[in-house]
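**Q** input_23.cif is reproduced in full below (mmCIF, C-alpha atoms and all ligand atoms).
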```cif
data_target
#
loop_
_atom_site.label_atom_id
_atom_site.label_comp_id
_atom_site.auth_asym_id
_atom_site.auth_seq_id
_atom_site.Cartn_x
_atom_site.Cartn_y
_atom_site.Cartn_z
CA MET A 1 24.36 21.54 32.67
CA ALA A 2 25.28 20.92 29.03
CA GLU A 3 23.93 23.42 26.52
CA LYS A 4 20.63 22.53 24.99
CA PHE A 5 20.22 21.48 21.35
CA ARG A 6 18.80 24.57 19.62
CA VAL A 7 16.20 23.76 17.03
CA ALA A 8 13.98 25.74 14.64
CA ILE A 9 10.83 24.63 12.87
CA ILE A 10 10.44 25.68 9.23
CA GLY A 11 6.79 25.74 8.11
CA THR A 12 4.51 26.02 11.14
CA GLY A 13 1.36 24.37 9.75
CA SER A 14 -0.31 21.16 10.92
CA ILE A 15 2.48 18.61 11.24
CA ALA A 16 4.82 21.16 12.82
CA HIS A 17 2.70 20.71 15.95
CA ALA A 18 3.75 17.06 16.23
CA HIS A 19 7.40 18.10 15.89
CA ALA A 20 7.01 20.80 18.55
CA ARG A 21 5.22 18.44 20.97
CA SER A 22 8.06 15.93 20.55
CA TYR A 23 10.86 18.48 21.06
CA LEU A 24 9.07 19.90 24.10
CA LYS A 25 9.23 16.50 25.80
CA MET A 26 13.03 16.58 25.59
CA ASP A 27 14.98 18.19 28.46
CA ASP A 28 18.06 18.63 26.30
CA VAL A 29 16.31 20.45 23.42
CA GLU A 30 15.07 24.00 23.07
CA ILE A 31 12.84 25.34 20.27
CA VAL A 32 14.43 28.74 19.66
CA ALA A 33 12.79 29.84 16.40
CA GLY A 34 10.15 29.16 13.78
CA SER A 35 9.44 30.42 10.28
CA ASP A 36 6.40 30.51 8.03
CA ILE A 37 5.72 32.50 4.89
CA VAL A 38 2.19 33.27 6.07
CA PRO A 39 2.44 36.49 8.11
CA GLY A 40 1.84 35.90 11.81
CA ARG A 41 1.62 32.12 11.55
CA ALA A 42 5.04 31.35 13.06
CA ARG A 43 4.49 33.78 15.96
CA ALA A 44 1.04 32.32 16.68
CA PHE A 45 2.49 28.80 16.56
CA LEU A 46 5.31 29.59 19.00
CA ASP A 47 2.87 31.38 21.32
CA GLU A 48 0.53 28.39 21.24
CA PHE A 49 3.32 26.41 22.90
CA GLY A 50 4.19 29.24 25.33
CA LEU A 51 7.52 29.83 23.55
CA LYS A 52 7.61 33.58 24.15
CA ASP A 53 11.43 33.79 23.86
CA ALA A 54 11.55 31.92 20.57
CA VAL A 55 11.85 34.18 17.52
CA ALA A 56 9.40 34.12 14.61
CA TYR A 57 10.27 34.80 10.97
CA GLU A 58 8.41 35.03 7.67
CA ASP A 59 11.68 34.67 5.78
CA THR A 60 13.32 31.29 6.39
CA GLN A 61 16.71 32.37 4.97
CA LYS A 62 16.77 35.38 7.34
CA MET A 63 16.08 33.06 10.28
CA LEU A 64 18.90 30.74 9.22
CA ASP A 65 21.22 33.76 8.83
CA GLU A 66 20.36 35.34 12.19
CA VAL A 67 19.67 32.54 14.67
CA ASP A 68 22.31 30.26 16.18
CA LEU A 69 20.94 26.77 15.51
CA ASP A 70 21.92 23.11 15.94
CA GLY A 71 19.12 21.64 13.82
CA VAL A 72 15.87 22.21 11.92
CA SER A 73 12.65 20.38 11.21
CA VAL A 74 11.42 21.16 7.69
CA CYS A 75 7.61 20.90 7.85
CA THR A 76 6.61 22.89 4.76
CA TYR A 77 4.39 21.46 2.03
CA ASN A 78 6.21 19.14 -0.39
CA GLN A 79 7.18 21.68 -3.06
CA GLN A 80 9.13 23.73 -0.48
CA HIS A 81 10.97 20.79 1.12
CA VAL A 82 14.09 21.09 -1.01
CA PRO A 83 14.58 24.91 -1.00
CA CYS A 84 14.28 24.96 2.80
CA ALA A 85 16.38 21.83 3.40
CA VAL A 86 19.11 23.05 1.04
CA ALA A 87 19.20 26.46 2.76
CA ALA A 88 19.65 24.72 6.13
CA LEU A 89 22.34 22.36 4.81
CA LYS A 90 24.24 25.37 3.43
CA LYS A 91 24.26 26.77 6.97
CA GLY A 92 25.93 23.55 8.15
CA LEU A 93 22.82 22.05 9.75
CA ASN A 94 21.56 18.47 9.74
CA VAL A 95 17.93 18.40 8.60
CA LEU A 96 14.88 16.46 9.73
CA LEU A 97 12.74 16.60 6.60
CA GLU A 98 9.08 15.65 6.44
CA LYS A 99 7.95 13.03 3.93
CA PRO A 100 7.78 12.69 0.98
CA MET A 101 11.38 13.71 0.41
CA CYS A 102 10.35 16.02 -2.47
CA VAL A 103 8.29 16.14 -5.67
CA THR A 104 10.58 15.81 -8.71
CA MET A 105 13.87 14.08 -9.45
CA GLU A 106 15.42 17.47 -10.24
CA GLN A 107 14.62 18.52 -6.66
CA ALA A 108 15.94 15.18 -5.36
CA GLU A 109 19.23 15.65 -7.19
CA GLU A 110 19.60 19.19 -5.88
CA LEU A 111 19.02 17.93 -2.33
CA LEU A 112 21.51 15.07 -2.61
CA ARG A 113 24.12 17.40 -4.07
CA ALA A 114 23.67 19.96 -1.27
CA GLU A 115 23.79 17.20 1.32
CA LYS A 116 27.04 15.84 -0.11
CA GLU A 117 28.65 19.28 -0.36
CA SER A 118 27.65 20.23 3.19
CA GLY A 119 28.90 17.04 4.85
CA LYS A 120 25.69 17.16 6.92
CA PHE A 121 22.71 14.81 6.70
CA VAL A 122 19.04 14.85 5.77
CA SER A 123 16.83 12.36 7.61
CA VAL A 124 13.39 11.80 6.07
CA GLY A 125 10.34 11.61 8.34
CA PHE A 126 9.16 8.02 8.18
CA GLN A 127 7.93 7.47 11.75
CA PRO A 128 6.22 4.08 11.06
CA ARG A 129 9.70 2.58 11.08
CA TYR A 130 9.66 3.07 14.86
CA ASP A 131 6.55 0.92 15.36
CA PRO A 132 7.68 -2.38 16.99
CA ASN A 133 5.47 -4.29 14.51
CA SER A 134 7.20 -2.61 11.55
CA LYS A 135 10.52 -3.66 13.09
CA LYS A 136 9.16 -7.20 13.46
CA ILE A 137 8.18 -7.24 9.76
CA LYS A 138 11.70 -6.25 8.73
CA GLU A 139 13.17 -8.88 11.07
CA ILE A 140 11.02 -11.63 9.50
CA VAL A 141 11.75 -10.51 5.92
CA GLN A 142 15.49 -10.33 6.65
CA SER A 143 15.57 -13.65 8.57
CA GLY A 144 15.53 -15.91 5.51
CA THR A 145 12.29 -17.61 6.69
CA LEU A 146 10.62 -16.70 3.39
CA GLY A 147 13.48 -17.99 1.23
CA ASN A 148 14.16 -15.97 -1.91
CA ILE A 149 11.53 -13.25 -2.17
CA TYR A 150 10.23 -12.72 -5.70
CA TYR A 151 6.98 -10.77 -5.33
CA VAL A 152 5.72 -8.09 -2.96
CA GLN A 153 2.31 -6.48 -2.95
CA THR A 154 1.92 -3.26 -1.00
CA GLY A 155 -1.68 -2.40 -0.30
CA GLY A 156 -3.86 -0.66 2.24
CA GLY A 157 -5.11 2.74 1.18
CA ARG A 158 -8.06 4.77 2.41
CA ARG A 159 -11.69 4.26 1.46
CA ARG A 160 -12.46 7.82 2.53
CA GLY A 161 -9.58 10.07 3.47
CA MET A 162 -9.28 12.85 0.93
CA PRO A 163 -7.45 15.85 2.37
CA GLY A 164 -7.78 19.43 1.15
CA GLY A 165 -5.70 22.59 1.57
CA SER A 166 -2.05 22.39 0.56
CA PHE A 167 -2.32 18.62 -0.12
CA ILE A 168 -4.32 18.91 -3.36
CA LYS A 169 -2.58 21.74 -5.23
CA ALA A 170 0.14 21.29 -7.84
CA ASP A 171 2.27 24.19 -6.57
CA THR A 172 2.22 23.08 -2.93
CA ALA A 173 1.89 19.26 -2.80
CA GLY A 174 2.81 18.49 -6.42
CA ILE A 175 1.69 14.83 -6.07
CA GLY A 176 -1.40 13.48 -4.30
CA ALA A 177 -2.17 10.18 -2.54
CA LEU A 178 0.69 8.59 -4.43
CA ALA A 179 3.30 10.63 -2.57
CA ASP A 180 1.40 11.60 0.57
CA ILE A 181 0.72 8.07 1.80
CA GLY A 182 2.18 6.09 -1.11
CA CYS A 183 5.66 6.94 0.14
CA TYR A 184 4.83 5.01 3.36
CA GLY A 185 3.34 2.17 1.32
CA LEU A 186 6.70 1.92 -0.43
CA ASP A 187 8.90 2.46 2.61
CA MET A 188 7.52 -0.43 4.65
CA PRO A 189 8.30 -3.23 2.16
CA LEU A 190 11.41 -1.59 0.67
CA ASN A 191 12.93 -0.92 4.09
CA SER A 192 12.13 -4.51 5.07
CA LEU A 193 13.85 -5.79 1.92
CA GLY A 194 16.91 -3.56 2.48
CA TYR A 195 15.94 -1.02 -0.19
CA PRO A 196 16.73 -2.87 -3.45
CA LYS A 197 17.28 -0.60 -6.43
CA PRO A 198 14.17 0.00 -8.56
CA LEU A 199 14.65 -0.63 -12.28
CA THR A 200 11.43 -0.05 -14.27
CA VAL A 201 7.81 0.87 -13.62
CA SER A 202 4.49 0.70 -15.43
CA ALA A 203 1.79 2.74 -13.75
CA THR A 204 -1.46 4.65 -13.93
CA LYS A 205 -2.85 7.33 -11.63
CA PHE A 206 -6.33 8.79 -11.38
CA ASP A 207 -8.16 11.83 -10.06
CA ARG A 208 -11.77 10.75 -10.61
CA LEU A 209 -13.07 11.04 -7.05
CA GLY A 210 -10.96 14.07 -6.22
CA LYS A 211 -12.44 16.00 -9.12
CA SER A 212 -15.99 14.78 -8.48
CA PRO A 213 -18.43 17.38 -7.10
CA VAL A 214 -20.36 14.50 -5.53
CA MET A 215 -17.45 12.75 -3.86
CA ASN A 216 -15.40 15.82 -3.05
CA PRO A 217 -17.87 18.75 -2.78
CA GLN A 218 -15.56 21.00 -0.77
CA TRP A 219 -12.41 20.76 -2.86
CA TYR A 220 -13.20 19.33 -6.32
CA LYS A 221 -12.65 22.65 -8.14
CA GLU A 222 -9.15 23.02 -6.69
CA PHE A 223 -8.14 19.37 -6.98
CA GLU A 224 -4.96 19.17 -9.11
CA VAL A 225 -3.31 15.92 -8.00
CA ASP A 226 -4.00 12.15 -7.96
CA ASP A 227 -6.33 10.29 -5.58
CA PHE A 228 -5.49 6.72 -6.64
CA ALA A 229 -2.45 5.08 -8.22
CA VAL A 230 -1.31 1.59 -9.19
CA ALA A 231 2.08 0.41 -10.40
CA LEU A 232 4.13 -2.66 -11.21
CA ILE A 233 7.77 -2.08 -10.36
CA ARG A 234 10.75 -4.27 -11.18
CA LEU A 235 13.37 -4.26 -8.42
CA GLU A 236 16.96 -5.44 -8.52
CA GLY A 237 17.27 -9.06 -7.40
CA GLY A 238 14.37 -10.34 -9.47
CA ILE A 239 11.62 -8.95 -7.21
CA THR A 240 8.37 -7.54 -8.59
CA LEU A 241 6.62 -4.92 -6.46
CA ASP A 242 2.89 -4.46 -6.95
CA PHE A 243 1.80 -1.09 -5.57
CA ARG A 244 -1.64 0.47 -5.01
CA MET A 245 -2.56 3.56 -3.02
CA SER A 246 -5.74 5.50 -2.47
CA TRP A 247 -7.07 8.56 -0.66
CA ALA A 248 -10.61 7.56 -1.59
CA MET A 249 -12.26 4.67 -3.46
CA HIS A 250 -15.40 2.58 -3.55
CA MET A 251 -13.63 -0.35 -1.91
CA ASP A 252 -12.66 -1.22 1.65
CA THR A 253 -8.96 -1.72 0.97
CA CYS A 254 -6.43 -2.03 -1.85
CA GLY A 255 -5.49 -5.31 -0.17
CA ALA A 256 -2.97 -6.56 2.33
CA THR A 257 0.75 -6.09 2.03
CA PHE A 258 2.37 -9.44 1.35
CA PHE A 259 5.72 -10.97 0.54
CA LEU A 260 6.05 -14.18 -1.51
CA GLY A 261 9.21 -16.21 -1.11
CA ASP A 262 10.09 -19.65 -2.41
CA LYS A 263 9.94 -21.08 1.15
CA ALA A 264 7.05 -19.11 2.68
CA GLY A 265 4.72 -16.15 2.29
CA PHE A 266 4.07 -13.37 4.80
CA LYS A 267 0.92 -11.29 4.94
CA VAL A 268 0.52 -7.98 6.77
CA ASN A 269 -3.08 -6.86 6.95
CA PRO A 270 -4.04 -3.21 6.87
CA THR A 271 -5.49 -1.75 10.06
CA GLU A 272 -9.25 -1.64 10.44
CA GLY A 273 -11.11 0.79 8.17
CA LEU A 274 -8.25 2.71 6.67
CA TRP A 275 -4.57 2.62 6.18
CA GLY A 276 -2.24 5.40 5.25
CA GLY A 277 0.76 3.55 6.54
CA ALA A 278 1.51 6.21 9.07
CA TRP A 279 -0.21 8.22 11.76
CA ASP A 280 -3.58 6.73 10.81
CA GLY A 281 -2.48 3.19 11.59
CA THR A 282 0.72 1.42 10.76
CA VAL A 283 0.08 -2.30 10.33
CA GLY A 284 -2.60 -4.82 11.31
CA SER A 285 -2.42 -8.57 11.99
CA MET A 286 0.41 -10.60 10.47
CA THR A 287 0.48 -14.24 9.27
CA LEU A 288 3.12 -16.57 7.85
CA TYR A 289 1.96 -18.96 5.10
CA HIS A 290 4.10 -22.07 4.77
CA ASP A 291 4.05 -25.89 4.57
CA ASP A 292 4.35 -28.07 7.66
CA GLU A 293 6.78 -31.00 7.88
CA SER A 294 4.34 -33.22 5.97
CA GLY A 295 3.95 -30.67 3.19
CA ASN A 296 0.50 -29.49 4.24
CA CYS A 297 -0.41 -25.81 3.85
CA THR A 298 -0.13 -24.13 7.24
CA GLU A 299 -0.74 -20.63 8.56
CA THR A 300 1.10 -19.31 11.60
CA PRO A 301 -0.06 -16.02 13.11
CA VAL A 302 2.73 -13.66 14.11
CA PRO A 303 1.99 -12.26 17.58
CA TYR A 304 0.97 -8.61 17.30
CA ILE A 305 3.00 -6.36 19.58
CA GLN A 306 0.67 -4.14 21.61
CA HIS A 307 2.70 -1.09 22.52
CA SER A 308 2.60 2.46 23.72
CA VAL A 309 5.54 3.70 21.67
CA ASP A 310 5.07 7.30 20.49
CA ILE A 311 6.48 6.70 17.01
CA PHE A 312 6.53 10.40 16.14
CA TYR A 313 8.57 11.18 19.27
CA GLU A 314 10.93 8.31 18.42
CA LYS A 315 11.59 9.73 14.95
CA VAL A 316 12.34 13.21 16.28
CA ARG A 317 14.47 11.81 19.12
CA ALA A 318 16.44 9.64 16.67
CA TYR A 319 17.21 12.80 14.67
CA VAL A 320 18.41 14.72 17.74
CA ASN A 321 20.52 11.76 18.90
CA ALA A 322 22.10 11.42 15.45
CA CYS A 323 22.96 15.14 15.44
CA LYS A 324 24.46 15.00 18.93
CA ASN A 325 26.32 11.72 18.46
CA GLY A 326 27.41 12.24 14.85
CA THR A 327 25.97 8.89 13.84
CA GLY A 328 24.44 9.82 10.45
CA ALA A 329 20.86 10.02 9.23
CA PRO A 330 18.40 7.60 10.89
CA VAL A 331 16.40 7.49 7.61
CA PRO A 332 19.04 8.32 4.98
CA THR A 333 18.53 9.84 1.53
CA ARG A 334 20.58 6.99 -0.02
CA GLU A 335 17.50 4.81 0.73
CA ILE A 336 14.74 7.35 0.19
CA ILE A 337 16.09 8.38 -3.22
CA TYR A 338 14.80 4.95 -4.42
CA ASN A 339 11.39 5.67 -2.88
CA GLN A 340 11.32 9.07 -4.58
CA ALA A 341 12.51 7.67 -7.91
CA ILE A 342 9.62 5.18 -7.87
CA LEU A 343 7.12 7.99 -7.19
CA SER A 344 8.57 10.02 -10.06
CA GLY A 345 8.62 6.93 -12.28
CA ILE A 346 4.93 6.32 -11.54
CA VAL A 347 4.09 9.90 -12.53
CA GLU A 348 6.17 9.63 -15.72
CA SER A 349 4.80 6.22 -16.71
CA SER A 350 1.23 7.31 -16.10
CA ASN A 351 1.70 10.49 -18.12
CA LEU A 352 3.39 8.67 -21.03
CA GLY A 353 1.10 5.63 -20.96
CA HIS A 354 3.86 3.01 -20.97
CA GLU A 355 6.59 1.41 -18.86
CA VAL A 356 9.60 3.59 -18.07
CA GLU A 357 13.09 3.08 -16.76
CA ILE A 358 13.59 4.41 -13.25
CA LYS A 359 16.46 6.87 -13.22
CA ILE A 360 18.59 7.34 -10.12
CA PRO A 361 20.71 10.51 -10.10
CA GLU A 362 24.43 9.94 -9.68
CA VAL A 363 25.64 12.38 -7.06
N1 LIG B 1 4.88 12.49 9.12
C1 LIG B 1 3.57 12.62 9.13
O1 LIG B 1 2.83 11.87 9.75
C2 LIG B 1 2.95 13.73 8.34
C3 LIG B 1 1.61 14.05 8.53
C4 LIG B 1 1.08 15.12 7.82
C5 LIG B 1 1.87 15.83 6.93
N2 LIG B 1 3.17 15.47 6.73
C6 LIG B 1 4.01 16.19 5.77
O2 LIG B 1 4.35 17.44 6.34
C7 LIG B 1 4.38 18.46 5.36
C8 LIG B 1 3.46 19.61 5.78
O3 LIG B 1 2.15 19.14 5.96
P1 LIG B 1 1.09 20.01 6.77
O4 LIG B 1 -0.12 19.19 6.91
O5 LIG B 1 1.72 20.55 8.01
O6 LIG B 1 0.85 21.18 5.72
P2 LIG B 1 0.39 22.68 6.02
O7 LIG B 1 -0.02 23.25 4.72
O8 LIG B 1 -0.58 22.67 7.17
O9 LIG B 1 1.72 23.39 6.55
C9 LIG B 1 2.79 23.75 5.74
C10 LIG B 1 3.27 25.11 6.18
O10 LIG B 1 4.50 25.42 5.52
C11 LIG B 1 4.49 26.83 5.27
N3 LIG B 1 5.53 27.12 4.27
C12 LIG B 1 5.53 26.86 2.94
N4 LIG B 1 6.69 27.26 2.38
C13 LIG B 1 7.45 27.77 3.36
C14 LIG B 1 8.77 28.30 3.42
N5 LIG B 1 9.52 28.41 2.31
N6 LIG B 1 9.25 28.73 4.61
C15 LIG B 1 8.47 28.65 5.73
N7 LIG B 1 7.22 28.14 5.74
C16 LIG B 1 6.72 27.69 4.57
C17 LIG B 1 3.06 27.10 4.84
O11 LIG B 1 2.73 28.47 4.89
C18 LIG B 1 2.30 26.25 5.85
O12 LIG B 1 1.98 26.97 7.02
C19 LIG B 1 3.96 17.80 4.04
O13 LIG B 1 5.09 17.53 3.28
C20 LIG B 1 3.29 16.51 4.47
O14 LIG B 1 3.43 15.45 3.55
C21 LIG B 1 3.71 14.47 7.44
#
```
Now that the file is in, can you turn its structure into structure tokens?
**A**
Amino acid sequence: MAEKFRVAIIGTGSIAHAHARSYLKMDDVEIVAGSDIVPGRARAFLDEFGLKDAVAYEDTQKMLDEVDLDGVSVCTYNQQHVPCAVAALKKGLNVLLEKPMCVTMEQAEELLRAEKESGKFVSVGFQPRYDPNSKKIKEIVQSGTLGNIYYVQTGGGRRRGMPGGSFIKADTAGIGALADIGCYGLDMPLNSLGYPKPLTVSATKFDRLGKSPVMNPQWYKEFEVDDFAVALIRLEGGITLDFRMSWAMHMDTCGATFFLGDKAGFKVNPTEGLWGGAWDGTVGSMTLYHDDESGNCTETPVPYIQHSVDIFYEKVRAYVNACKNGTGAPVPTREIIYNQAILSGIVESSNLGHEVEIKIPEV
């Protein structure tokens, strides 16, 4: 039998469990190690999955130095994504990196540089791309049915869905709702459009509910990030992207996601109750808005694909396949750098109080 693909998980908190469950379903993969800076956490994590032979570390660099590996999942909080991913790249490993890619453009540039120098790849964890309905959306947007697309609104958001823990601190998450689920809200339309380059952004972000003792009694004192953000982004090709994202608000939804073209429009509703764009629901019902042959306004529902695809498994499997087959990153940094640059642009514009140019590092 061929040797198994030897993988380690860096950062054994919540989402690491979804990575482990996915790897454990694969006959050709073995989880051989895990690391976490919290003493005992990596050992407890590996034991939880019955991985008695897998080795646990508190020092990620030591693990990378000592264990023979074929790949790593980086599942740390956002601020530690780049140090851990860069350390793995320097060891000649391809990296499956959780979303968002990072926090600042300085971190993004460091990651891209390390990726280039290593000749290895970083694939960013956007599992909604593996939902058949997300694939359908991209197919429709790319088909030309809409004509020339000039405006996109990306909506959804949560009415109540404020996390705590590492998600609300500046030194762990760095950015709040904007990056946590906003990165999905950007990836769906941008991936569908073929990731046009972002040019400028005007944005505001808020922390009203996060800092409210009434709305957020458990965490308000520690809340250091945003809970709501809006932005108007100019994209290459004459497209305007209207973005809103929320962890909590006194409203049911920030709206549907929709695409306006000069031949037709296409609306993607959020899923019932909440939408983070990811594990808590990808997309809801879809409708095409167009004229019939007589020029009358017509609406055509797009059949919703009921499926049992485990999108998280698909993302992890795509990473393993790409490592084994040498086919490059399934979700490449050359796309996600635009996503990250928009997030950074939103932070900068909101802090400065005016529109800013979106800067893309040249690596
Ligand atoms: N794809 C998804 O659906 C999804 C869902 C939830 C979270 N996430 C992302 O996953 C990441 C982690 O989220 P979480 O909920 O698991 O957070 P978490 O706080 O539960 O876990 C993060 C873990 O990383 C550890 N860590 C930090 N720095 C480290 C380092 N240098 N080396 C080793 N371990 C380190 C922490 O001690 C902690 O145990 C975040 O970036 C988040 O955005 C993705």
**Q** Segment 30-37 of chain A: which residues within 10 Å, counting all atoms listed in the file, same-chain residues fewer than 6 positions away excluded, as a PyMOL selection string?
**A** chain A and resi 3-13+16+20+23-24+43+45-46+49+51-64+67-76
**Q** Take the residues from that selection and write them out as a PDB file, keeping the file's coordinate frame, keeping C-alpha atoms.
**A**
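Generated output (selection31.pdb):
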```
ATOM      1  CA  GLU A   3      23.930  23.420  26.520  1.00  0.00           C
ATOM      2  CA  LYS A   4      20.630  22.530  24.990  1.00  0.00           C
ATOM      3  CA  PHE A   5      20.220  21.480  21.350  1.00  0.00           C
ATOM      4  CA  ARG A   6      18.800  24.570  19.620  1.00  0.00           C
ATOM      5  CA  VAL A   7      16.200  23.760  17.030  1.00  0.00           C
ATOM      6  CA  ALA A   8      13.980  25.740  14.640  1.00  0.00           C
ATOM      7  CA  ILE A   9      10.830  24.630  12.870  1.00  0.00           C
ATOM      8  CA  ILE A  10      10.440  25.680   9.230  1.00  0.00           C
ATOM      9  CA  GLY A  11       6.790  25.740   8.110  1.00  0.00           C
ATOM     10  CA  THR A  12       4.510  26.020  11.140  1.00  0.00           C
ATOM     11  CA  GLY A  13       1.360  24.370   9.750  1.00  0.00           C
ATOM     12  CA  ALA A  16       4.820  21.160  12.820  1.00  0.00           C
ATOM     13  CA  ALA A  20       7.010  20.800  18.550  1.00  0.00           C
ATOM     14  CA  TYR A  23      10.860  18.480  21.060  1.00  0.00           C
ATOM     15  CA  LEU A  24       9.070  19.900  24.100  1.00  0.00           C
ATOM     16  CA  ARG A  43       4.490  33.780  15.960  1.00  0.00           C
ATOM     17  CA  PHE A  45       2.490  28.800  16.560  1.00  0.00           C
ATOM     18  CA  LEU A  46       5.310  29.590  19.000  1.00  0.00           C
ATOM     19  CA  PHE A  49       3.320  26.410  22.900  1.00  0.00           C
ATOM     20  CA  LEU A  51       7.520  29.830  23.550  1.00  0.00           C
ATOM     21  CA  LYS A  52       7.610  33.580  24.150  1.00  0.00           C
ATOM     22  CA  ASP A  53      11.430  33.790  23.860  1.00  0.00           C
ATOM     23  CA  ALA A  54      11.550  31.920  20.570  1.00  0.00           C
ATOM     24  CA  VAL A  55      11.850  34.180  17.520  1.00  0.00           C
ATOM     25  CA  ALA A  56       9.400  34.120  14.610  1.00  0.00           C
ATOM     26  CA  TYR A  57      10.270  34.800  10.970  1.00  0.00           C
ATOM     27  CA  GLU A  58       8.410  35.030   7.670  1.00  0.00           C
ATOM     28  CA  ASP A  59      11.680  34.670   5.780  1.00  0.00           C
ATOM     29  CA  THR A  60      13.320  31.290   6.390  1.00  0.00           C
ATOM     30  CA  GLN A  61      16.710  32.370   4.970  1.00  0.00           C
ATOM     31  CA  LYS A  62      16.770  35.380   7.340  1.00  0.00           C
ATOM     32  CA  MET A  63      16.080  33.060  10.280  1.00  0.00           C
ATOM     33  CA  LEU A  64      18.900  30.740   9.220  1.00  0.00           C
ATOM     34  CA  VAL A  67      19.670  32.540  14.670  1.00  0.00           C
ATOM     35  CA  ASP A  68      22.310  30.260  16.180  1.00  0.00           C
ATOM     36  CA  LEU A  69      20.940  26.770  15.510  1.00  0.00           C
ATOM     37  CA  ASP A  70      21.920  23.110  15.940  1.00  0.00           C
ATOM     38  CA  GLY A  71      19.120  21.640  13.820  1.00  0.00           C
ATOM     39  CA  VAL A  72      15.870  22.210  11.920  1.00  0.00           C
ATOM     40  CA  SER A  73      12.650  20.380  11.210  1.00  0.00           C
ATOM     41  CA  VAL A  74      11.420  21.160   7.690  1.00  0.00           C
ATOM     42  CA  CYS A  75       7.610  20.900   7.850  1.00  0.00           C
ATOM     43  CA  THR A  76       6.610  22.890   4.760  1.00  0.00           C
TER      44      THR A  76
END
```
**Q** Which residue, A:Pro330, A:Gly119, A:Gly40, A:Gly50, has the smallest gap to Leu93 of chain A when you use all atoms listed in the file?
**A**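 Of A:Pro330, A:Gly119, A:Gly40, A:Gly50, the one nearest Leu93 of chain A, counting all atoms listed in the file, is A:Gly119.
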**Q** Can you pull out the residues contacting Leu343 of chain A? Cut-off 9 Å, using only C-alpha atoms, and skip same-chain residues under 4 positions away; I want them as a ChimeraX atom specification.
**A** /A:103-104,175,178-179,182-183,338-339,347-348
**Q** Find the residues around Arg160 of chain A up to 10 Å (all atoms listed in the file counted), leave out those fewer than 3 positions away in its own chain, and share them as a list of chain:residue names.
**A** A:Gly157, A:Pro163, A:Met215, A:Ser246, A:Trp247, A:Ala248, A:Met249, A:His250, A:Met251, A:Asp252, A:Gly273, A:Leu274
**Q** Keeping only C-alpha atoms, write the selected residues as a tab-separated table (two decimals), keeping the file's coordinate frame.
**A**
```
chain	number	residue	atom	x	y	z
A	157	GLY	CA	-5.11	2.74	1.18
A	163	PRO	CA	-7.45	15.85	2.37
A	215	MET	CA	-17.45	12.75	-3.86
A	246	SER	CA	-5.74	5.50	-2.47
A	247	TRP	CA	-7.07	8.56	-0.66
A	248	ALA	CA	-10.61	7.56	-1.59
A	249	MET	CA	-12.26	4.67	-3.46
A	250	HIS	CA	-15.40	2.58	-3.55
A	251	MET	CA	-13.63	-0.35	-1.91
A	252	ASP	CA	-12.66	-1.22	1.65
A	273	GLY	CA	-11.11	0.79	8.17
A	274	LEU	CA	-8.25	2.71	6.67
```
**Q** What is the atom CA of Leu111 of chain A to atom CA of Pro332 of chain A distance in Å?
**A**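 Interatomic distance here is 12.1 Å.
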**Q** What's the 8 Å shell around Val230 of chain A, counting all atoms listed in the file, without same-chain residues fewer than 4 positions away, as a ChimeraX atom specification?
**A** /A:203-205,242-245
**Q** Store the residues picked out above, limited to C-alpha atoms, as a compact mmCIF listing (two decimals), keeping the file's coordinate frame.
**A**
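What ended up in result.txt:
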```txt
# COMPACT_ATOMS: atom_id res chain seq x y z
CA ALA A 203 1.79 2.74 -13.75
CA THR A 204 -1.46 4.65 -13.93
CA LYS A 205 -2.85 7.33 -11.63
CA ASP A 242 2.89 -4.46 -6.95
CA PHE A 243 1.80 -1.09 -5.57
CA ARG A 244 -1.64 0.47 -5.01
CA MET A 245 -2.56 3.56 -3.02
```
**Q** Measuring atom to atom with all atoms listed in the file, identify which of A:Lys221, A:Leu260, A:Pro301, A:Leu235 is nearest to Leu209 of chain A.
**A**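 Among A:Lys221, A:Leu260, A:Pro301, A:Leu235, it is A:Lys221 that comes nearest to Leu209 of chain A.
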**Q** So the first atom is atom CA of Gly238 of chain A and the second is atom CA of Gly147 of chain A; what is the distance between them in Å, to one decimal place?
**A** 13.2 Å
**Q** If you measure from atom CA of Asn269 of chain A to atom CA of Cys102 of chain A, what distance in Å do you get, rounded to one decimal?
**A**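 Taking atom CA of Asn269 of chain A as the start and atom CA of Cys102 of chain A as the end point, the length is 28.2 Å.
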**Q** Which residue gives the smallest distance to ligand LIG 1 (chain B) among A:Val29, A:Ile311, A:Leu199, A:Leu89, with all atoms listed in the file counted?
**A**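 Residue with the minimum atom-to-atom distance to ligand LIG 1 (chain B): A:Ile311.
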**Q** Could segment 260-264 of chain A be completed with N, CA and C atoms and returned as a tab-separated table (two decimals), in the frame of the given file?
**A**
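Written output follows (selection32.tsv):
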```tsv
chain	number	residue	atom	x	y	z
A	260	LEU	N	5.99	-12.78	-1.10
A	260	LEU	CA	6.05	-14.18	-1.51
A	260	LEU	C	7.51	-14.58	-1.67
A	261	GLY	N	7.87	-15.63	-0.95
A	261	GLY	CA	9.21	-16.21	-1.11
A	261	GLY	C	9.08	-17.64	-1.58
A	262	ASP	N	10.22	-18.27	-1.95
A	262	ASP	CA	10.09	-19.65	-2.41
A	262	ASP	C	9.98	-20.65	-1.26
A	263	LYS	N	10.15	-20.18	0.00
A	263	LYS	CA	9.94	-21.08	1.15
A	263	LYS	C	8.66	-20.76	1.90
A	264	ALA	N	8.25	-19.50	1.92
A	264	ALA	CA	7.05	-19.11	2.68
A	264	ALA	C	6.54	-17.76	2.19
```
